[in-house]
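For reference, the structure is listed below as structure tokens.
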Amino acid sequence: MSGIRAIEGIAAVIDIDNLDTDQIMPKQFLRGIDKSGLDKGLLWDLRFDGAGSPRPDFVLNQPAWAHTRILIGGANFGCGSSREHAVWGLQQFGIGAVIAPSFGEIFQSNAVNNGLLALVLAPHEVRALVAEAARSSAPLRVSVDLGDLTVRTPESCFAFHLAARHRQMLQEGIDMIGATLRQQQEIAAFAKRHWAARPWLRDVGSRVRQKLDQADPAPSAGEIIASSER
Amino acid sequence: MSGRSLYRKIVDAHTVSVLDEQHVLLFCDLHLMNEYTSPQAFAGLQAAGRGVAMPGQNLATVSHIIPTHAVFPRVIREPASSLQARNLAANCERHGIALFDTNDPLQGIEHVIAPEHGMIRPGMVVMCGDSHTTTYGALGALGFGIGTSEVEHVLATQTLVYRRAQEMRVRVDGHLPQGTTAKDLILMIISRIGAQGARGFVVEFCGDAILALSVEARFTLCNMAVEAGARGALIAPDETAVSYVLARASDIDIAAARLDWMELHSDHDASFEREYSFDACGVAPQVSWGTSPDQTIPIDGRIPGTADHPEAGTTRALDYCGLSPGMSLQGLPVQIVFIGSCTNGRIEDLRAAAAVIRGRRVAQGVRAMVVPGSGAVQKQAEEEGLARVFAEAGFEWRRPGCSMCLAMNDDLAEPGERCASTTNRNFEGRQGRGAITHLMSPAMAAAAAVTGHIVDVRTLEALP
């Protein structure tokens, strides 16, 4: 994920506001204990019909968009569930950037943590890209430059903002945990002060669990109430 | 210098260091985990040869994948899901993290079990790989959802690189009318401010109508703030909240804690980037009609737009839901009723539903399910006789879990089925491919179950 300077290639438009992460990566693809195989599940219900056949009218199923690199989405892209699988699936599918007027916040954090560019443009700028893409039967080619922070198409050029931290993460691929671990001593000192002032917050997970275990060492499983069940 | 907001006080009290203008290194008091958003985080730690920094500040539960059939012991038959549960247990064992495992009688949804056992305390920072972590604002604790990379960061460091949010205050005065609940209030607020109306913000709720809510009702309210895009929700802890915590936590130095918690309110001169004000008196029972939680109307309202001019951006949702602009939702037949979830799976929710159902029967052709939020809720409902009320009325009385809220287990609605649901998201396909979700309160869902259609619970005739 390190060393991203530019992202360029074919862009596909999915002009749906509030495209939630349930739709980006449905539940049946969340059963793994690793990150593999998520390209298969990406946008499943949009890409495939109920019988599992590709929907020919959906943009990502059309041969000219087979190598889509950039998605142009609607407002609040990636809202809803925190599932990072949505970001992993996009990347495994070959997507390097999503351009939208706004993003769900957890999705946006997940994107930056994985080196997927969640690029915000003003609503009228995104509309211009959508319109430009619609004017041609051939796929729109878009290039995103992380150096001068611009989005370029044959007809337009838009500047975008990226927090310095996020730009650095994309360009250099920082090990965030490693960076934080260099503050280990500060964290330990903080915790010591914090717990001295508020001892009821120390080990709150393990202590409560222990108390529950002591209070009722063998709680009954409860009577099973008879109810008809489908 | 102007005063500080409650949000700012909590963030300041948990700031280990300031990283830049926007970001701080934020300490996490309690990190909750489930079986499906944590495995890759544990694997990442393992791969990097790192350990868990402070295991005692962590807790895990099996919640999303667990089957809810009324059998004991509970067996996860789906092999991949079963592996997720075993993997979670192994990770907790390896790192010394407390776990509520599959057959633990106290197992349940993270956002139900953590507060019910007194783990959530005012002023805390709580994180979880689940977006509904905003729930804890009900107790004056800052909770928010995180992704799996961040889960790994919290495990390794007990901190998060955190971008400070903007601040919003939502004041609700007046009293909620009879037959309406916190669910109706939050659905109304989301419908007014929109699905991204609070994006970028932490929302502080205040006003008479908020303080009149029980703690469980406050959980419902704060839980769904994320459906307006909020990064967090907060209610300044009052005596109602403090009593709730002290009744459940036996390890707190009460005098010291009360002194600390007295500071947990926004100063009178604190400023907010955005403020809203609502009147609770006019709130009617709310029902969602579309595929985003902000597509919600009062039960006596009509779907916005006209046949010739649907409201912008609603055509796709209307097609999916098989509805048209100008329609009323009253009388719309439902095939499934689901009562449960981290939004409405607590004892007060079950009492409210049972009060409607008592003496009535589930309508023919309706599958009605109750899934308690936790083992403790289940046990209490059985002791209070609620479980029997549900079962005798023809409801399935099931075991705890997330169940049909997101249908990650085998509780799945079929294509085209319409579900009256007490959950939090009516997204396309959320409860099953092609399934249509109508969000509503437990009482409204119960009314739908006994009549077979969406109905105003206030119009059900009193039983003799």
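Just remember, in the structure tokens the first chain shown is A, the second B, etc., residues are 1-based per chain, and ligands are 1-based in the order shown.
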Write out, as a Markdown table, each residue of chain B that has an atom at most 6 Å from chain A, together with the closest pair of atoms and their distance in Å to one decimal, counting only C-alpha atoms, rows going by chain and rising number.
```
| residue | atom | partner | partner_atom | distance |
| --- | --- | --- | --- | --- |
| B:Pro39 | CA | A:Ile33 | CA | 5.1 |
| B:Gln40 | CA | A:Asp34 | CA | 5.3 |
| B:Gly56 | CA | A:Asp203 | CA | 4.1 |
| B:Gln57 | CA | A:Asp203 | CA | 4.9 |
| B:Asn58 | CA | A:Gly205 | CA | 5.4 |
| B:Leu59 | CA | A:Gly205 | CA | 5.4 |
| B:Ala80 | CA | A:Arg31 | CA | 5.7 |
| B:Ser81 | CA | A:Arg31 | CA | 5.7 |
| B:Ala98 | CA | A:Ser206 | CA | 5.5 |
| B:Pro105 | CA | A:Ala221 | CA | 5.8 |
| B:Asp130 | CA | A:Ser82 | CA | 5.5 |
| B:Ser131 | CA | A:Ser82 | CA | 5.2 |
| B:Gly147 | CA | A:Glu84 | CA | 5.4 |
| B:Thr148 | CA | A:Glu84 | CA | 6.0 |
| B:His153 | CA | A:Ile177 | CA | 5.6 |
| B:Ile252 | CA | A:Trp200 | CA | 5.4 |
| B:Ala391 | CA | A:Ser227 | CA | 5.1 |
| B:Glu396 | CA | A:Ser227 | CA | 5.3 |
| B:Met408 | CA | A:Lys27 | CA | 5.4 |
```
Write out, as a short mmCIF file (atom, residue, chain, number, x, y, z; two decimals), in the first residue's frame, the residues just selected, with N, CA and C atoms.
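After the write, part-v2.cif holds the following:
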```cif
data_model
loop_
_atom_site.label_atom_id
_atom_site.label_comp_id
_atom_site.auth_asym_id
_atom_site.auth_seq_id
_atom_site.Cartn_x
_atom_site.Cartn_y
_atom_site.Cartn_z
N PRO B 39 -11.20 -10.98 13.83
CA PRO B 39 -10.21 -12.02 13.51
C PRO B 39 -8.98 -11.50 12.78
N GLN B 40 -9.19 -10.64 11.79
CA GLN B 40 -8.06 -10.14 11.00
C GLN B 40 -7.18 -9.22 11.83
N GLY B 56 -7.11 -6.38 30.21
CA GLY B 56 -8.22 -6.14 31.14
C GLY B 56 -9.20 -5.08 30.68
N GLN B 57 -8.77 -4.25 29.72
CA GLN B 57 -9.67 -3.20 29.21
C GLN B 57 -10.42 -3.68 27.96
N ASN B 58 -10.43 -4.98 27.74
CA ASN B 58 -11.06 -5.54 26.54
C ASN B 58 -12.09 -6.58 26.94
N LEU B 59 -12.99 -6.85 26.01
CA LEU B 59 -14.06 -7.81 26.26
C LEU B 59 -14.59 -8.28 24.91
N ALA B 80 -17.97 -22.05 8.48
CA ALA B 80 -17.13 -20.85 8.55
C ALA B 80 -17.47 -20.03 9.79
N SER B 81 -18.76 -19.93 10.10
CA SER B 81 -19.18 -19.18 11.28
C SER B 81 -18.71 -19.87 12.56
N ALA B 98 -11.48 -11.31 28.47
CA ALA B 98 -12.75 -11.86 28.95
C ALA B 98 -13.69 -12.07 27.76
N PRO B 105 -24.44 -18.46 29.54
CA PRO B 105 -25.83 -18.00 29.77
C PRO B 105 -25.98 -16.48 29.73
N ASP B 130 -17.98 -2.08 15.63
CA ASP B 130 -19.41 -2.15 15.34
C ASP B 130 -19.95 -0.73 15.41
N SER B 131 -20.66 -0.32 14.37
CA SER B 131 -21.05 1.09 14.26
C SER B 131 -22.02 1.53 15.36
N GLY B 147 -13.07 0.39 12.54
CA GLY B 147 -12.82 -0.70 11.60
C GLY B 147 -11.82 -1.68 12.18
N THR B 148 -11.56 -2.74 11.43
CA THR B 148 -10.70 -3.81 11.93
C THR B 148 -9.24 -3.37 12.08
N HIS B 153 -5.15 -1.72 16.18
CA HIS B 153 -4.42 -0.62 16.82
C HIS B 153 -4.77 -0.53 18.31
N ILE B 252 -17.29 0.42 42.48
CA ILE B 252 -17.02 1.85 42.30
C ILE B 252 -17.01 2.57 43.64
N ALA B 391 -44.95 -16.61 23.45
CA ALA B 391 -45.12 -17.97 22.92
C ALA B 391 -46.59 -18.30 22.74
N GLU B 396 -42.26 -16.82 17.96
CA GLU B 396 -41.10 -17.65 18.26
C GLU B 396 -40.30 -16.94 19.35
N MET B 408 -26.93 -12.30 9.57
CA MET B 408 -25.65 -12.97 9.33
C MET B 408 -25.70 -14.42 9.76
#
```
Neighbour list for Thr240 (chain B) as number ranges by chain, cut-off 12 Å, only C-alpha atoms, skip fewer than 2 positions in-chain:
B: 122, 138-140, 210-218, 235-238, 242-247
Quick one: residues within 9 Å of Ser324 (chain B), only C-alpha atoms, excluding same-chain residues fewer than 5 positions away - as a list in words?
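Close residues of Ser324 (chain B): Ile303, Pro304, Gly305, Thr306, Ala307, Pro310, Thr315, Leu318 and Asp319 of chain B.
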Based on the backbone DSSP call, show me all residues of region 44-217 of chain B assigned helix (DSSP H, G or I), as a ChimeraX atom specification.
/B:44-48,55-57,79-95,110-116,131-139,148-157,182-193,208-211,215-217
Hey, what's within 10 Å of Ser266 (chain B) if we count only C-alpha atoms and toss same-chain stuff fewer than 5 positions away? As a ChimeraX atom specification, please?
/B:3-9,204,235-236,271
Suppose we keep N, CA and C atoms; can you now write the selection as a PDB file, in the first residue's frame?
```
ATOM      1  N   GLY B   3     -16.486  28.017  27.417  1.00  0.00           N
ATOM      2  CA  GLY B   3     -16.538  26.763  28.151  1.00  0.00           C
ATOM      3  C   GLY B   3     -16.388  25.561  27.240  1.00  0.00           C
ATOM      4  N   ARG B   4     -16.248  24.416  27.859  1.00  0.00           N
ATOM      5  CA  ARG B   4     -16.068  23.187  27.091  1.00  0.00           C
ATOM      6  C   ARG B   4     -17.361  22.376  27.052  1.00  0.00           C
ATOM      7  N   SER B   5     -17.547  21.689  25.961  1.00  0.00           N
ATOM      8  CA  SER B   5     -18.687  20.782  25.848  1.00  0.00           C
ATOM      9  C   SER B   5     -18.369  19.485  26.585  1.00  0.00           C
ATOM     10  N   LEU B   6     -19.388  18.709  26.845  1.00  0.00           N
ATOM     11  CA  LEU B   6     -19.203  17.385  27.452  1.00  0.00           C
ATOM     12  C   LEU B   6     -18.269  16.546  26.591  1.00  0.00           C
ATOM     13  N   TYR B   7     -18.506  16.604  25.276  1.00  0.00           N
ATOM     14  CA  TYR B   7     -17.656  15.837  24.352  1.00  0.00           C
ATOM     15  C   TYR B   7     -16.194  16.236  24.523  1.00  0.00           C
ATOM     16  N   ARG B   8     -15.955  17.530  24.525  1.00  0.00           N
ATOM     17  CA  ARG B   8     -14.584  18.004  24.608  1.00  0.00           C
ATOM     18  C   ARG B   8     -13.925  17.591  25.931  1.00  0.00           C
ATOM     19  N   LYS B   9     -14.727  17.623  27.006  1.00  0.00           N
ATOM     20  CA  LYS B   9     -14.174  17.209  28.311  1.00  0.00           C
ATOM     21  C   LYS B   9     -13.743  15.744  28.279  1.00  0.00           C
ATOM     22  N   GLU B 204     -24.786  15.887  21.034  1.00  0.00           N
ATOM     23  CA  GLU B 204     -25.243  15.853  22.424  1.00  0.00           C
ATOM     24  C   GLU B 204     -26.748  16.092  22.439  1.00  0.00           C
ATOM     25  N   ILE B 235     -25.427  11.992  26.183  1.00  0.00           N
ATOM     26  CA  ILE B 235     -26.412  12.630  27.047  1.00  0.00           C
ATOM     27  C   ILE B 235     -25.695  12.859  28.378  1.00  0.00           C
ATOM     28  N   ALA B 236     -25.707  14.078  28.874  1.00  0.00           N
ATOM     29  CA  ALA B 236     -25.025  14.345  30.148  1.00  0.00           C
ATOM     30  C   ALA B 236     -25.635  13.452  31.228  1.00  0.00           C
ATOM     31  N   SER B 271     -19.768  26.102  23.041  1.00  0.00           N
ATOM     32  CA  SER B 271     -20.376  26.402  21.748  1.00  0.00           C
ATOM     33  C   SER B 271     -20.443  25.140  20.889  1.00  0.00           C
TER      34      SER B 271
END
```
Can you pull out the residues contacting region 44-51 of chain B? Cut-off 8 Å, using only C-alpha atoms, and skip same-chain residues under 6 positions away; I want them as a VMD selection string.
chain B and resid 95 152 155 to 156
Counting only C-alpha atoms, which residue out of B:Cys342, B:Cys321, B:Ala449, B:Ile113 sits closest to Gly429 (chain B)?
B:Cys321
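Here CA of Thr437 (chain B) stands at a distance of 11.5 Å from CA of Thr296 (chain B).
If you measure from each of B:Ile347, B:Ala165, B:Cys92, B:Ala53 to Glu21 (chain B) using only C-alpha atoms, the closest one turns out to be B:Ala165.
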Please return as number ranges by chain: the residues of region 60-276 of chain B that backbone DSSP assigns to strand (DSSP E).
B: 60-61, 98-100, 125-128, 142-145, 159-163, 166-173, 201-206, 232-235, 274-276
My list of candidates is B:Ile66, B:Val334, B:Val52, B:Leu329. Which is closest to Arg94 (chain B) when distances are computed with only C-alpha atoms?
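Nearest to Arg94 (chain B): B:Val52.
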Using only C-alpha atoms, which residues sit within 7 Å of Phe144 (chain B) once same-chain residues fewer than 3 positions away are excluded, as a list in words?
Val126, Met127, Cys128, Ser131, Thr133, Thr134, Arg231 and Gly232 of chain B
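Minimum distance to Ala355 (chain B) across B:Gly282, B:Glu428, B:Val450, B:Val62 (counting only C-alpha atoms) occurs at B:Val450.
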